[in-house]
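Novice: Pasting a structure here, questions to come.
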Amino acid sequence: MSGTAVRIGAEPGRLARVVILSVVGLVFLIPIAAMVEFTFRIGLAGKHTVSHWTDLTNPAKADLYSNLVTAIGNSLTLAVVTVAIVLVILLPTMILVEIRFARLRRVLEFVCIIPITVPAIVLVVGLAPIYGVVVTVFGGDIWTLAFAYGITVLPYAYRAIQSNLGAIDVATLSEAARSLGAGWGNVLWHVLLPNLRRGILAASFISVAVVLGEFTIASLLNRVNLQTALLQLSQSDAYAAVIFALLALGVVFLLLLIIGRVSSSRPGTPRSAS
Amino acid sequence: MTTTVDTPATTVRGATVELSSVVKNYGGQRALDGISLSMRPGEFVALLGPSGCGKTTALRALAGLEQVDAGSIRIDEKDVVDVPVNRRDIGMVFQSYSLFPHLSAQDNVEFGLRMRRVPAAERRRRAAESLELVGLGHLAGRYAHQLSGGQQQRVALARALVTRPRVLLLDEPLSALDAKVRVQLREEIRRIQTELGITTLFVTHDQEEALAVADRVAVMREGRIEQIGTPEELYTSPETPFVAEFVGLTNRMPGQLRAGGVTVLGTELQLLGTPQPDGAVFALVRPEDIVLSAFGTPAMVIGTSFLGSLRRTRVSLEDGLELSVQHEAGVSLALGERVQLSLRGRAVAVIPRP
């Protein structure tokens, strides 16, 4: 038996870290690099050009991309409304449960995690008749799709907010603020929200990322969003579709970077509270 | 209407506090069983008791953080049972660190003033004064995570005091601190409380802490106040066996109760508290009331602890009964050494012996 025992849960060494990161990085980078290379390719001739990129601003092709522009607008609208649903419904519910109904924490967690176990196709089958009613009440505007997206982002948004909620003593901070003369509105605005900023931003960005990448629900409910438009575009201009897919990936990557930065930030420099 | 004097922290603003027959239930569990407590303006009262005795519930009921099921709570003669916590004009320091993490110490202290819409310049001045009062003026720009536990509780104290509340509530504010800081901070709390003359209710399970700082101590048990009195009264004249055993160290010594007196180790002692029927009892005798003497009951030393100016020695009597004896540190005894014990003759509390 070896003299050096391997400690379970020990941090990997420098070499192991480099190997792991390299392998994982390659898994992600190879397809992306292939996509980038594809956008510069001229057919199967083995030559390259930047014309596929410059064509994006070519007025002659504006008609081809108009549907995509509409789809981007739709996806952004959906992202905004979905984030609003998370902030207006999920966040206050979680705070309320934390402060007043701690016994319901497990129930809320269970409810919020359920959507991750339900395949999108099953969700759509269930939602289709409901959307019959939704269209009657709210009309057929694209933003109504955010009701379904509000469900699909629940597990991610819940986790992001809960990790922040778990890191601060919400009940004691609320009581301290109340004892200092703050009403519930002030407690929420001046104490809880600033301390939940990281969780709220992370939940928002993750929701945006999920909405920008969603295809199944929009497609099956016959709505146009970025992903359905990209599919449609790929049938007429594969290069443009890949370019837009790359740009969408870039936006999502940027959002994740911001989440990382925000999550690691901490107040440490003097600033005024007024 | 209450008048506030616009001077710094030395404003005397203590209020009378009266809890009358307060009852609080959690489901089927009775947390407060009709407790009554009166506090004079500027008085420092400690609620002392074991975990689960209802002391924190009583404090939270006074703060308005718990709704009571029956009874009344009056501050300066006004019933505040239906007044929400943010309108009760109280200051509170919590057991767990409760500074707002996103604000600096200065901003934390200003918080209560902002809620009262105090102008910015006055807010800054008063917050700075309050931080100076707790000796942390030089750390005003620090955030909670940049402060030690003791410093955080000092800031929390400054934050609670800056609004010049009528009542200050301290919910085991020292329990998370190490021993040395606890002693320093409790003395500081008492100094500031005396300086401000603010009526203060202090919850603790640490008897030494309660006896050291409070004007009066209320010993609680199972939602009731067993006895309230000065620290000296509680220590020297406990009214119930529970108080006798909970406050300070006691030895349970078998004795015979007869005609209002109890005979222990051949010495007749007077009885504390309510008269009891004659019979076999345990007398609750303090370690300092047992003396090492030239003659008396023989015993053998089985352990000894140095306590600074004093020494506490464990001895075993011939019948196997073990006792704690407190004596001068200069008297050094070896393990196994034979000694003689006698009693000082101070009155004792008793509990029935089965």
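Residues are referred to by chain and number: the chain letter is A, B, ... according to the order shown in the structure tokens, the number counts from 1 in that chain, and ligands are numbered separately from 1 in the order shown.
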Listing only residues of chain B within 9 Å of chain A, what is the closest atom pair and its distance in Å (to one decimal) for each, using only C-alpha atoms, sorted by chain and residue number ascending, as a Markdown table?

Specialist:
| residue | atom | partner | partner_atom | distance |
| --- | --- | --- | --- | --- |
| B:Ala63 | CA | A:Ser179 | CA | 7.5 |
| B:Gly64 | CA | A:Ser179 | CA | 8.6 |
| B:Leu65 | CA | A:Glu175 | CA | 7.4 |
| B:Pro84 | CA | A:Arg178 | CA | 8.8 |
| B:Val85 | CA | A:Ser179 | CA | 5.7 |
| B:Asn86 | CA | A:Gly181 | CA | 4.0 |
| B:Arg87 | CA | A:Gly181 | CA | 6.2 |
| B:Arg88 | CA | A:Ser179 | CA | 8.0 |
| B:Asp89 | CA | A:Gly181 | CA | 7.4 |
| B:Ile90 | CA | A:Ser179 | CA | 6.5 |
| B:Gly91 | CA | A:Ser179 | CA | 6.3 |
| B:Met92 | CA | A:Ser179 | CA | 6.4 |
| B:Val93 | CA | A:Ala176 | CA | 7.8 |
| B:Phe94 | CA | A:Ala176 | CA | 7.7 |
| B:Ser96 | CA | A:Thr172 | CA | 7.7 |
| B:Tyr97 | CA | A:Thr172 | CA | 8.5 |
| B:Ser98 | CA | A:Leu173 | CA | 5.6 |
| B:Leu99 | CA | A:Leu173 | CA | 7.3 |
| B:Phe100 | CA | A:Leu173 | CA | 6.7 |
| B:Pro101 | CA | A:Asn195 | CA | 7.1 |
| B:His102 | CA | A:Pro267 | CA | 5.9 |
| B:Leu103 | CA | A:Ala273 | CA | 6.7 |
| B:Ser104 | CA | A:Pro270 | CA | 6.4 |
| B:Gln106 | CA | A:Ser272 | CA | 8.8 |
| B:Asp107 | CA | A:Ala273 | CA | 5.8 |
| B:Asn108 | CA | A:Ala273 | CA | 8.6 |
| B:Glu110 | CA | A:Ala273 | CA | 8.7 |
| B:Phe111 | CA | A:Leu180 | CA | 7.3 |
| B:Gly112 | CA | A:Leu180 | CA | 4.7 |
| B:Leu113 | CA | A:Leu180 | CA | 8.2 |
| B:Arg114 | CA | A:Ser274 | CA | 8.4 |
| B:Met115 | CA | A:Ala182 | CA | 5.8 |
| B:Arg116 | CA | A:Gly181 | CA | 7.1 |
| B:Ala120 | CA | A:Ser274 | CA | 8.2 |
| B:Ala140 | CA | A:Pro270 | CA | 8.9 |
| B:Gly141 | CA | A:Pro270 | CA | 5.3 |
| B:Arg142 | CA | A:Pro270 | CA | 6.9 |
| B:Tyr143 | CA | A:Gly268 | CA | 6.3 |
| B:His145 | CA | A:Gly268 | CA | 8.3 |
| B:Gln146 | CA | A:Gly268 | CA | 7.9 |
| B:Arg159 | CA | A:Leu180 | CA | 8.2 |
| B:Ala160 | CA | A:Leu180 | CA | 7.1 |
| B:Thr163 | CA | A:Leu180 | CA | 7.8 |

Novice: Can you list every residue in range 3-247 of chain A that DSSP puts in strand (DSSP E or B), as a ChimeraX atom specification?

Specialist: /A:41-42,47-48

Novice: Generate the output file for the selected residues, N, CA and C atoms, as a JSON list (two decimals), in the first residue's frame.

Specialist:
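That gives us again10.json:
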[["chain", "number", "residue", "atom", "x", "y", "z"],
["A", 41, "ARG", "N", -15.54, 30.39, -43.89],
["A", 41, "ARG", "CA", -15.26, 29.42, -44.94],
["A", 41, "ARG", "C", -16.03, 29.77, -46.23],
["A", 42, "ILE", "N", -15.41, 29.42, -47.37],
["A", 42, "ILE", "CA", -16.12, 29.55, -48.64],
["A", 42, "ILE", "C", -16.41, 28.13, -49.12],
["A", 47, "LYS", "N", -11.01, 27.68, -48.79],
["A", 47, "LYS", "CA", -10.59, 29.08, -48.68],
["A", 47, "LYS", "C", -11.48, 29.80, -47.67],
["A", 48, "HIS", "N", -10.99, 30.99, -47.24],
["A", 48, "HIS", "CA", -11.73, 31.74, -46.22],
["A", 48, "HIS", "C", -11.99, 33.16, -46.66]]

Novice: Can you tell me, as a ChimeraX atom specification, what residues are no more than 9 Å from range 191-204 of chain B when counting only C-alpha atoms, ignoring any on the same chain fewer than 6 positions away?

Specialist: /B:9-17,39-50,55-56,59,133-134,164-175,210,214

Novice: Using N, CA, C and O atoms, can you write the selected residues to a file as a compact mmCIF listing (two decimals), in the first residue's frame?

Specialist:
# COMPACT_ATOMS: atom_id res chain seq x y z
N ALA B 9 -24.90 61.97 23.83
CA ALA B 9 -25.34 60.74 24.45
C ALA B 9 -25.71 60.81 25.92
O ALA B 9 -26.25 59.87 26.45
N THR B 10 -25.41 61.89 26.60
CA THR B 10 -25.64 61.91 28.04
C THR B 10 -27.07 62.26 28.43
O THR B 10 -27.35 62.56 29.57
N THR B 11 -27.98 62.24 27.46
CA THR B 11 -29.37 62.56 27.75
C THR B 11 -30.00 61.45 28.61
O THR B 11 -29.97 60.29 28.26
N VAL B 12 -30.62 61.87 29.74
CA VAL B 12 -31.29 60.90 30.59
C VAL B 12 -32.71 60.74 30.08
O VAL B 12 -33.46 61.70 29.98
N ARG B 13 -33.06 59.53 29.69
CA ARG B 13 -34.35 59.36 29.07
C ARG B 13 -35.00 58.05 29.44
O ARG B 13 -35.70 57.45 28.66
N GLY B 14 -34.69 57.58 30.62
CA GLY B 14 -35.25 56.29 31.03
C GLY B 14 -36.75 56.36 31.20
O GLY B 14 -37.30 57.38 31.59
N ALA B 15 -37.40 55.26 30.92
CA ALA B 15 -38.86 55.19 31.03
C ALA B 15 -39.22 54.12 32.06
O ALA B 15 -38.40 53.27 32.39
N THR B 16 -40.44 54.21 32.55
CA THR B 16 -40.92 53.10 33.39
C THR B 16 -41.39 51.99 32.44
O THR B 16 -41.91 52.27 31.36
N VAL B 17 -41.19 50.77 32.87
CA VAL B 17 -41.63 49.62 32.07
C VAL B 17 -42.42 48.71 32.99
O VAL B 17 -42.01 48.46 34.13
N MET B 39 -40.11 47.99 36.05
CA MET B 39 -38.77 48.59 36.01
C MET B 39 -38.89 50.09 36.21
O MET B 39 -39.72 50.75 35.58
N ARG B 40 -38.02 50.62 37.06
CA ARG B 40 -38.01 52.06 37.30
C ARG B 40 -37.22 52.75 36.19
O ARG B 40 -36.38 52.12 35.54
N PRO B 41 -37.45 54.05 36.01
CA PRO B 41 -36.67 54.77 34.98
C PRO B 41 -35.17 54.66 35.29
O PRO B 41 -34.75 54.86 36.43
N GLY B 42 -34.41 54.30 34.29
CA GLY B 42 -32.96 54.23 34.45
C GLY B 42 -32.47 52.96 35.11
O GLY B 42 -31.27 52.79 35.32
N GLU B 43 -33.38 52.05 35.40
CA GLU B 43 -32.96 50.82 36.09
C GLU B 43 -32.38 49.81 35.11
O GLU B 43 -32.81 49.74 33.95
N PHE B 44 -31.44 49.02 35.58
CA PHE B 44 -30.83 47.96 34.77
C PHE B 44 -31.25 46.62 35.38
O PHE B 44 -30.83 46.26 36.46
N VAL B 45 -32.14 45.94 34.66
CA VAL B 45 -32.66 44.66 35.15
C VAL B 45 -32.16 43.54 34.24
O VAL B 45 -32.19 43.67 33.02
N ALA B 46 -31.69 42.48 34.85
CA ALA B 46 -31.26 41.31 34.07
C ALA B 46 -32.30 40.20 34.21
O ALA B 46 -32.79 39.95 35.31
N LEU B 47 -32.63 39.59 33.08
CA LEU B 47 -33.47 38.38 33.11
C LEU B 47 -32.52 37.20 33.00
O LEU B 47 -31.81 37.06 32.01
N LEU B 48 -32.51 36.39 34.03
CA LEU B 48 -31.56 35.29 34.11
C LEU B 48 -32.32 33.96 34.20
O LEU B 48 -33.32 33.87 34.91
N GLY B 49 -31.84 33.00 33.49
CA GLY B 49 -32.49 31.69 33.59
C GLY B 49 -31.88 30.72 32.61
O GLY B 49 -31.11 31.11 31.73
N PRO B 50 -32.21 29.44 32.75
CA PRO B 50 -31.66 28.44 31.83
C PRO B 50 -32.30 28.56 30.45
O PRO B 50 -33.31 29.25 30.28
N LYS B 55 -36.94 33.80 28.89
CA LYS B 55 -36.38 35.15 29.09
C LYS B 55 -36.29 35.94 27.78
O LYS B 55 -36.63 37.12 27.74
N THR B 56 -35.86 35.27 26.71
CA THR B 56 -35.78 35.98 25.43
C THR B 56 -37.18 36.30 24.91
O THR B 56 -37.40 37.37 24.34
N LEU B 59 -38.32 39.43 26.57
CA LEU B 59 -37.68 40.60 25.99
C LEU B 59 -38.26 40.93 24.62
O LEU B 59 -38.53 42.10 24.30
N LEU B 133 -18.82 57.22 21.95
CA LEU B 133 -19.29 56.74 23.25
C LEU B 133 -18.87 55.29 23.50
O LEU B 133 -18.53 54.91 24.62
N VAL B 134 -18.88 54.49 22.43
CA VAL B 134 -18.49 53.09 22.59
C VAL B 134 -17.01 52.87 22.23
O VAL B 134 -16.55 51.73 22.12
N ARG B 164 -31.71 57.60 20.92
CA ARG B 164 -32.15 57.95 22.28
C ARG B 164 -33.46 57.25 22.63
O ARG B 164 -34.48 57.90 22.89
N PRO B 165 -33.44 55.94 22.61
CA PRO B 165 -34.67 55.19 22.89
C PRO B 165 -35.06 55.30 24.36
O PRO B 165 -34.23 55.62 25.21
N ARG B 166 -36.30 54.99 24.63
CA ARG B 166 -36.78 55.05 26.02
C ARG B 166 -36.34 53.82 26.80
O ARG B 166 -36.17 53.85 28.00
N VAL B 167 -36.19 52.71 26.06
CA VAL B 167 -35.80 51.46 26.71
C VAL B 167 -34.73 50.78 25.85
O VAL B 167 -34.83 50.77 24.63
N LEU B 168 -33.73 50.23 26.51
CA LEU B 168 -32.69 49.49 25.80
C LEU B 168 -32.85 48.00 26.13
O LEU B 168 -32.93 47.63 27.30
N LEU B 169 -32.90 47.19 25.09
CA LEU B 169 -33.08 45.75 25.27
C LEU B 169 -31.83 45.02 24.77
O LEU B 169 -31.42 45.21 23.62
N LEU B 170 -31.25 44.22 25.62
CA LEU B 170 -30.02 43.51 25.26
C LEU B 170 -30.28 42.01 25.34
O LEU B 170 -30.49 41.46 26.42
N ASP B 171 -30.30 41.37 24.17
CA ASP B 171 -30.62 39.94 24.10
C ASP B 171 -29.34 39.11 24.02
O ASP B 171 -28.86 38.82 22.93
N GLU B 172 -28.80 38.77 25.14
CA GLU B 172 -27.55 38.00 25.24
C GLU B 172 -26.48 38.57 24.30
O GLU B 172 -25.93 37.84 23.47
N PRO B 173 -26.19 39.85 24.41
CA PRO B 173 -25.28 40.47 23.43
C PRO B 173 -23.84 40.01 23.57
O PRO B 173 -23.03 40.25 22.67
N LEU B 174 -23.51 39.36 24.68
CA LEU B 174 -22.11 39.01 24.91
C LEU B 174 -21.83 37.52 24.68
O LEU B 174 -20.69 37.09 24.78
N SER B 175 -22.88 36.76 24.41
CA SER B 175 -22.72 35.31 24.42
C SER B 175 -21.81 34.78 23.31
O SER B 175 -21.27 33.69 23.44
N ALA B 210 -25.02 38.51 34.95
CA ALA B 210 -26.21 39.16 35.49
C ALA B 210 -25.91 39.81 36.84
O ALA B 210 -26.26 40.97 37.09
N ALA B 214 -26.25 44.07 36.83
CA ALA B 214 -27.64 44.51 36.99
C ALA B 214 -27.91 45.15 38.35
O ALA B 214 -27.28 44.81 39.36
